[in-house]
file run.cif (mmCIF, C-alpha atoms)
data_model
loop_
_atom_site.label_atom_id
_atom_site.label_comp_id
_atom_site.auth_asym_id
_atom_site.auth_seq_id
_atom_site.Cartn_x
_atom_site.Cartn_y
_atom_site.Cartn_z
CA MET A 1 0.00 0.00 0.00
CA ILE A 2 1.09 3.55 -0.72
CA ALA A 3 0.01 6.16 1.84
CA TYR A 4 0.25 9.85 1.02
CA ILE A 5 0.40 12.08 4.08
CA GLU A 6 0.61 15.79 4.77
CA SER A 7 1.58 18.11 7.64
CA ASN A 8 -1.26 17.18 9.99
CA PHE A 9 0.06 13.61 10.13
CA PHE A 10 3.22 14.82 11.87
CA LEU A 11 1.33 17.08 14.27
CA GLU A 12 -1.05 14.25 15.12
CA ILE A 13 1.84 12.11 16.37
CA ALA A 14 4.00 14.85 17.91
CA LEU A 15 1.14 16.48 19.83
CA ARG A 16 -0.50 13.16 20.75
CA GLN A 17 -3.82 14.26 19.25
CA GLN A 18 -7.00 12.24 18.69
CA GLN A 19 -5.72 10.08 15.83
CA THR A 20 -2.25 9.47 17.27
CA GLY A 21 -2.79 5.72 17.47
CA ALA A 22 -3.73 5.42 13.81
CA ALA A 23 -0.90 7.70 12.66
CA GLU A 24 1.63 5.83 14.82
CA ALA A 25 0.42 2.52 13.39
CA ILE A 26 0.87 3.81 9.83
CA LEU A 27 4.36 5.10 10.60
CA ALA A 28 5.23 1.78 12.25
CA LEU A 29 4.04 -0.08 9.13
CA ALA A 30 6.33 2.13 7.05
CA GLU A 31 9.20 1.36 9.43
CA GLN A 32 8.47 -2.33 8.85
CA GLN A 33 8.42 -1.67 5.08
CA LYS A 34 4.80 -2.80 4.84
CA VAL A 35 3.57 0.61 3.67
CA GLU A 36 5.25 3.13 1.40
CA LEU A 37 4.85 6.50 3.09
CA ILE A 38 5.01 9.56 0.84
CA CYS A 39 4.74 13.24 1.74
CA PRO A 40 5.02 16.39 -0.37
CA ALA A 41 8.25 18.08 0.76
CA PHE A 42 6.25 21.29 0.95
CA SER A 43 4.37 19.78 3.93
CA LEU A 44 7.47 19.30 6.05
CA SER A 45 7.82 22.92 7.15
CA GLU A 46 4.19 23.62 8.05
CA PRO A 47 4.22 21.70 11.37
CA PHE A 48 7.22 23.75 12.50
CA SER A 49 5.41 26.97 11.56
CA THR A 50 2.35 25.80 13.47
CA LEU A 51 4.39 25.09 16.60
CA SER A 52 6.25 28.41 16.29
CA LYS A 53 2.98 30.31 16.12
CA ARG A 54 1.61 28.43 19.13
CA GLU A 55 4.82 29.11 21.05
CA ALA A 56 4.58 32.85 20.29
CA ASP A 57 0.93 32.86 21.41
CA ARG A 58 1.85 31.09 24.64
CA ARG A 59 4.76 33.45 25.29
CA ARG A 60 2.37 36.41 24.95
CA LEU A 61 -0.12 34.71 27.26
CA SER A 62 2.62 33.85 29.76
CA LYS A 63 3.90 37.42 29.72
CA SER A 64 0.39 38.79 30.24
CA LEU A 65 -0.27 36.28 33.02
CA ASN A 66 3.00 37.18 34.75
CA GLU A 67 2.13 40.89 34.55
CA THR A 68 -1.30 40.22 36.02
CA LEU A 69 0.17 38.05 38.76
CA ARG A 70 2.73 40.72 39.58
CA ASP A 71 -0.10 43.24 40.03
CA LEU A 72 -2.13 40.80 42.12
CA SER A 73 0.83 39.93 44.32
CA ARG A 74 0.93 43.49 45.62
CA SER A 75 -2.03 42.54 47.76
CA THR A 76 -1.18 40.27 50.68
CA ALA A 77 -4.64 38.71 50.36
CA ASN A 78 -3.73 37.40 46.87
CA GLN A 79 -0.17 36.19 47.49
CA GLY A 80 -1.13 32.56 48.19
CA LEU A 81 -3.27 32.42 45.07
CA VAL A 82 -0.56 34.09 43.00
CA SER A 83 2.12 31.63 44.12
CA SER A 84 -0.14 28.69 43.18
CA ILE A 85 -0.85 30.11 39.71
CA LYS A 86 2.68 31.30 38.93
CA PRO A 87 3.98 27.87 37.76
CA ALA A 88 1.31 27.82 35.04
CA ALA A 89 3.04 30.66 33.21
CA ASP A 90 6.31 28.72 33.15
CA ILE A 91 4.58 25.52 32.06
CA LEU A 92 3.15 27.32 29.02
CA ILE A 93 6.69 28.13 27.90
CA ASN A 94 8.02 24.62 28.57
CA ILE A 95 5.29 22.99 26.49
CA ALA A 96 6.80 24.48 23.34
CA LYS A 97 10.13 22.71 23.82
CA THR A 98 8.42 19.39 24.50
CA GLU A 99 6.27 19.74 21.38
CA LEU A 100 9.22 20.75 19.18
CA ASP A 101 11.31 17.82 20.45
CA ALA A 102 8.45 15.40 19.70
CA LEU A 103 7.98 16.88 16.23
CA GLN A 104 11.67 16.52 15.42
CA VAL A 105 11.62 12.87 16.51
CA THR A 106 8.52 12.23 14.39
CA MET A 107 10.03 13.96 11.34
CA SER A 108 13.26 12.01 11.76
CA ARG A 109 11.35 8.73 11.88
CA PHE A 110 9.49 9.65 8.69
CA LEU A 111 12.61 10.80 6.85
CA GLN A 112 14.31 7.49 7.61
CA VAL A 113 11.55 5.44 5.98
CA GLY A 114 9.42 7.77 3.87
CA ARG A 115 9.81 9.56 0.59
CA THR A 116 9.21 13.22 -0.18
CA LEU A 117 7.73 14.70 -3.33
CA GLU A 118 9.53 17.78 -4.55
CA THR A 119 7.69 20.88 -5.70
CA THR A 120 8.47 21.42 -9.37
CA ALA A 121 7.42 24.18 -11.76
CA ASP A 122 4.78 21.82 -13.21
CA ILE A 123 3.38 21.05 -9.77
CA LEU A 124 3.30 24.73 -8.84
CA GLY A 125 1.49 25.53 -12.08
CA GLN A 126 -1.08 22.79 -11.47
CA ALA A 127 -1.50 24.03 -7.90
CA GLN A 128 -2.60 27.41 -9.20
CA THR A 129 -5.29 25.67 -11.23
CA TYR A 130 -6.42 23.70 -8.16
CA GLN A 131 -6.68 26.91 -6.15
CA THR A 132 -9.43 28.14 -8.43
CA THR A 133 -10.94 24.81 -9.48
CA PHE A 134 -11.31 23.44 -5.94
CA ALA A 135 -11.05 26.66 -3.90
CA LEU A 136 -7.99 25.30 -2.11
CA SER A 137 -5.56 27.49 -0.20
CA PRO A 138 -2.18 27.99 -1.89
CA GLN A 139 -0.61 25.57 0.62
CA ASP A 140 -3.23 22.85 0.20
CA SER A 141 -3.20 23.22 -3.58
CA ILE A 142 0.58 22.61 -3.68
CA ILE A 143 0.22 19.54 -1.48
CA TYR A 144 -2.65 18.21 -3.57
CA ALA A 145 -0.88 18.90 -6.88
CA ALA A 146 2.22 17.03 -5.71
CA ILE A 147 0.15 14.02 -4.71
CA ILE A 148 -1.86 14.03 -7.95
CA HIS A 149 1.37 14.31 -9.96
CA ASP A 150 2.79 11.25 -8.20
CA LEU A 151 -0.46 9.35 -8.63
CA ASP A 152 -0.38 10.15 -12.37
CA LEU A 153 3.12 8.69 -12.56
CA ARG A 154 1.84 5.50 -10.88
CA LYS A 155 -1.30 5.00 -13.00
CA GLY A 156 -0.28 1.53 -14.07
CA ILE A 157 0.52 0.35 -10.56
CA ALA A 158 -2.30 -1.74 -9.11
CA GLU A 159 -1.11 -1.29 -5.53
CA LYS A 160 -3.66 0.33 -3.22
CA LYS A 161 -3.14 4.04 -2.64
CA CYS A 162 -4.54 6.29 0.04
CA PHE A 163 -4.35 10.01 0.76
CA ILE A 164 -4.50 10.54 4.53
CA SER A 165 -5.44 14.00 5.75
CA ARG A 166 -7.32 15.43 8.70
CA ASN A 167 -8.02 18.45 6.52
CA TRP A 168 -11.39 17.09 5.43
CA LYS A 169 -13.00 20.53 5.02
CA ASP A 170 -10.76 21.15 2.04
CA PHE A 171 -10.11 17.70 0.61
CA ARG A 172 -13.39 15.83 1.16
CA VAL A 173 -14.97 17.54 -1.81
CA PRO A 174 -16.81 15.44 -4.43
CA ARG A 175 -14.63 16.61 -7.34
CA ILE A 176 -11.40 15.98 -5.41
CA LEU A 177 -12.65 12.58 -4.24
CA GLY A 178 -13.60 11.78 -7.83
CA GLN A 179 -10.16 12.70 -9.10
CA LEU A 180 -8.48 10.61 -6.41
CA THR A 181 -10.75 7.65 -7.16
CA SER A 182 -10.00 7.93 -10.89
CA LEU A 183 -6.31 7.51 -9.96
CA ASN A 184 -7.03 4.44 -7.79
CA CYS A 185 -6.55 6.38 -4.56
CA MET A 186 -8.96 6.60 -1.66
CA TYR A 187 -9.21 9.45 0.80
CA TRP A 188 -8.95 8.71 4.51
CA GLU A 189 -9.28 11.17 7.39
#
call {"tool": "encode", "arguments": {"input": "run.cif", "output": "structure tokens"}}
result
Amino acid sequence: MIAYIESNFFLEIALRQQQTGAAEAILALAEQQKVELICPAFSLSEPFSTLSKREADRRRLSKSLNETLRDLSRSTANQGLVSSIKPAADILINIAKTELDALQVTMSRFLQVGRTLETTADILGQAQTYQTTFALSPQDSIIYAAIIHDLDLRKGIAEKKCFISRNWKDFRVPRILGQLTSLNCMYWE
């Protein structure tokens, strides 16, 4: 079986989200060479951007919380409460390092067993068409175009193919599902 994945696959594992078990099982099958795991190279940076944005948001929240706690601590009546809440601000910052470490481990595992699809001029051109045809974002259209390009190259291969994405709002569209089906590829969320 050939499984096409995108950025959410890595976040699912690294952040231990709802579908972690399924994603881990798929990655383990790839590690056992029972599944060919393929990802558009364009998708590899998005999880890092997502975690960077979350870290920046948490740093702002932590800073605001620390400022509020500093103000509250001026009152002796609030000092016990402030000291019990204070560790939460530090925990918010520490979460980012834990998440980044887990993402790097996940990416490393994939890169040892998986294959990436480069973004070529042809793929970028097709992505622009998919942006208007399917109302996909520029990022999703590049990912989709890379996968469709690879599927086109494998038309004669009878092996089962699957595109795995939690991004169902964009990809579970009848015309996209039809195109995938015509290339012997199912969509799985």
call {"tool": "closest_atom_pairs", "arguments": {"input": "run.cif", "of": "stretch 20-121 of chain A", "to": "stretch 165-184 of chain A", "cutoff": "12 Å", "atoms": "all atoms listed in the file", "output": "CSV"}}
result
residue,atom,partner,partner_atom,distance
A:Thr20,CA,A:Arg166,CA,11.6
A:Ala22,CA,A:Arg166,CA,11.8
A:Ala23,CA,A:Ser165,CA,10.4
A:Cys39,CA,A:Ser165,CA,11.0
A:Ser43,CA,A:Ser165,CA,11.5
call {"tool": "write_last_selection", "arguments": {"input": "run.cif", "atoms": "C-alpha atoms", "output": "PDB file, in the coordinates of the input"}}
result
ATOM      1  CA  THR A  20      -2.250   9.470  17.270  1.00  0.00           C
ATOM      2  CA  ALA A  22      -3.730   5.420  13.810  1.00  0.00           C
ATOM      3  CA  ALA A  23      -0.900   7.700  12.660  1.00  0.00           C
ATOM      4  CA  CYS A  39       4.740  13.240   1.740  1.00  0.00           C
ATOM      5  CA  SER A  43       4.370  19.780   3.930  1.00  0.00           C
TER       6      SER A  43
END
call {"tool": "closest_residue", "arguments": {"input": "run.cif", "among": "A:Leu124, A:Ala102, A:Ile142, A:Leu29", "to": "A:Leu51", "atoms": "only C-alpha atoms"}}
result
A:Ala102
call {"tool": "closest_residue", "arguments": {"input": "run.cif", "among": "A:Ile91, A:Ala127, A:Leu72, A:Leu153", "to": "A:Ser141", "atoms": "all atoms listed in the file"}}
result
A:Ala127
call {"tool": "resolve_selection", "arguments": {"input": "run.cif", "expression": "the PyMOL selection byres ((chain A and resi 44) around 12)", "output": "PyMOL selection string"}}
result
chain A and resi 5-11+38-43+45-50+103-104+106-108+110-111+114-119+139+143
call {"tool": "resolve_selection", "arguments": {"input": "run.cif", "expression": "the PyMOL selection byres ((chain A and resi 159) around 9)", "output": "count of residues only"}}
result
7
call {"tool": "atom_distance", "arguments": {"input": "run.cif", "atom1": "atom CA of A:Asp71", "atom2": "atom CA of A:Ala88"}}
result
16.3 Å
call {"tool": "atom_distance", "arguments": {"input": "run.cif", "atom1": "atom CA of A:Ala96", "atom2": "atom CA of A:Asn78"}}
result
28.8 Å
call {"tool": "resolve_selection", "arguments": {"input": "run.cif", "expression": "the PyMOL selection byres ((chain A and resi 60-63) around 12)", "output": "short mmCIF file (atom, residue, chain, number, x, y, z; two decimals) with C-alpha atoms, in the coordinates of the input"}}
result
data_model
loop_
_atom_site.label_atom_id
_atom_site.label_comp_id
_atom_site.auth_asym_id
_atom_site.auth_seq_id
_atom_site.Cartn_x
_atom_site.Cartn_y
_atom_site.Cartn_z
CA LYS A 53 2.98 30.31 16.12
CA ARG A 54 1.61 28.43 19.13
CA GLU A 55 4.82 29.11 21.05
CA ALA A 56 4.58 32.85 20.29
CA ASP A 57 0.93 32.86 21.41
CA ARG A 58 1.85 31.09 24.64
CA ARG A 59 4.76 33.45 25.29
CA SER A 64 0.39 38.79 30.24
CA LEU A 65 -0.27 36.28 33.02
CA ASN A 66 3.00 37.18 34.75
CA GLU A 67 2.13 40.89 34.55
CA THR A 68 -1.30 40.22 36.02
CA LEU A 69 0.17 38.05 38.76
CA ARG A 70 2.73 40.72 39.58
CA ILE A 85 -0.85 30.11 39.71
CA LYS A 86 2.68 31.30 38.93
CA PRO A 87 3.98 27.87 37.76
CA ALA A 88 1.31 27.82 35.04
CA ALA A 89 3.04 30.66 33.21
CA ASP A 90 6.31 28.72 33.15
CA ILE A 91 4.58 25.52 32.06
CA LEU A 92 3.15 27.32 29.02
CA ILE A 93 6.69 28.13 27.90
CA ASN A 94 8.02 24.62 28.57
CA ILE A 95 5.29 22.99 26.49
#
call {"tool": "residues_around", "arguments": {"input": "run.cif", "residues": "A:Phe163", "least_positions_apart": "2", "cutoff": "6 Å", "atoms": "only C-alpha atoms", "output": "PyMOL selection string"}}
result
chain A and resi 3-4+187
call {"tool": "closest_residue", "arguments": {"input": "run.cif", "among": "A:Thr132, A:Gln112, A:Ser83, A:Thr98", "to": "A:Gln32", "atoms": "only C-alpha atoms"}}
result
A:Gln112
call {"tool": "atom_distance", "arguments": {"input": "run.cif", "atom1": "atom CA of A:Pro138", "atom2": "atom CA of A:Ala30"}}
result
28.7 Å
call {"tool": "closest_residue", "arguments": {"input": "run.cif", "among": "A:Gln131, A:Gln126, A:Ser84, A:Thr120", "to": "A:Ala145", "atoms": "only C-alpha atoms"}}
result
A:Gln126
call {"tool": "closest_residue", "arguments": {"input": "run.cif", "among": "A:Leu100, A:Ala135, A:Ala146, A:Leu81", "to": "A:Ile13", "atoms": "all atoms listed in the file"}}
result
A:Leu100
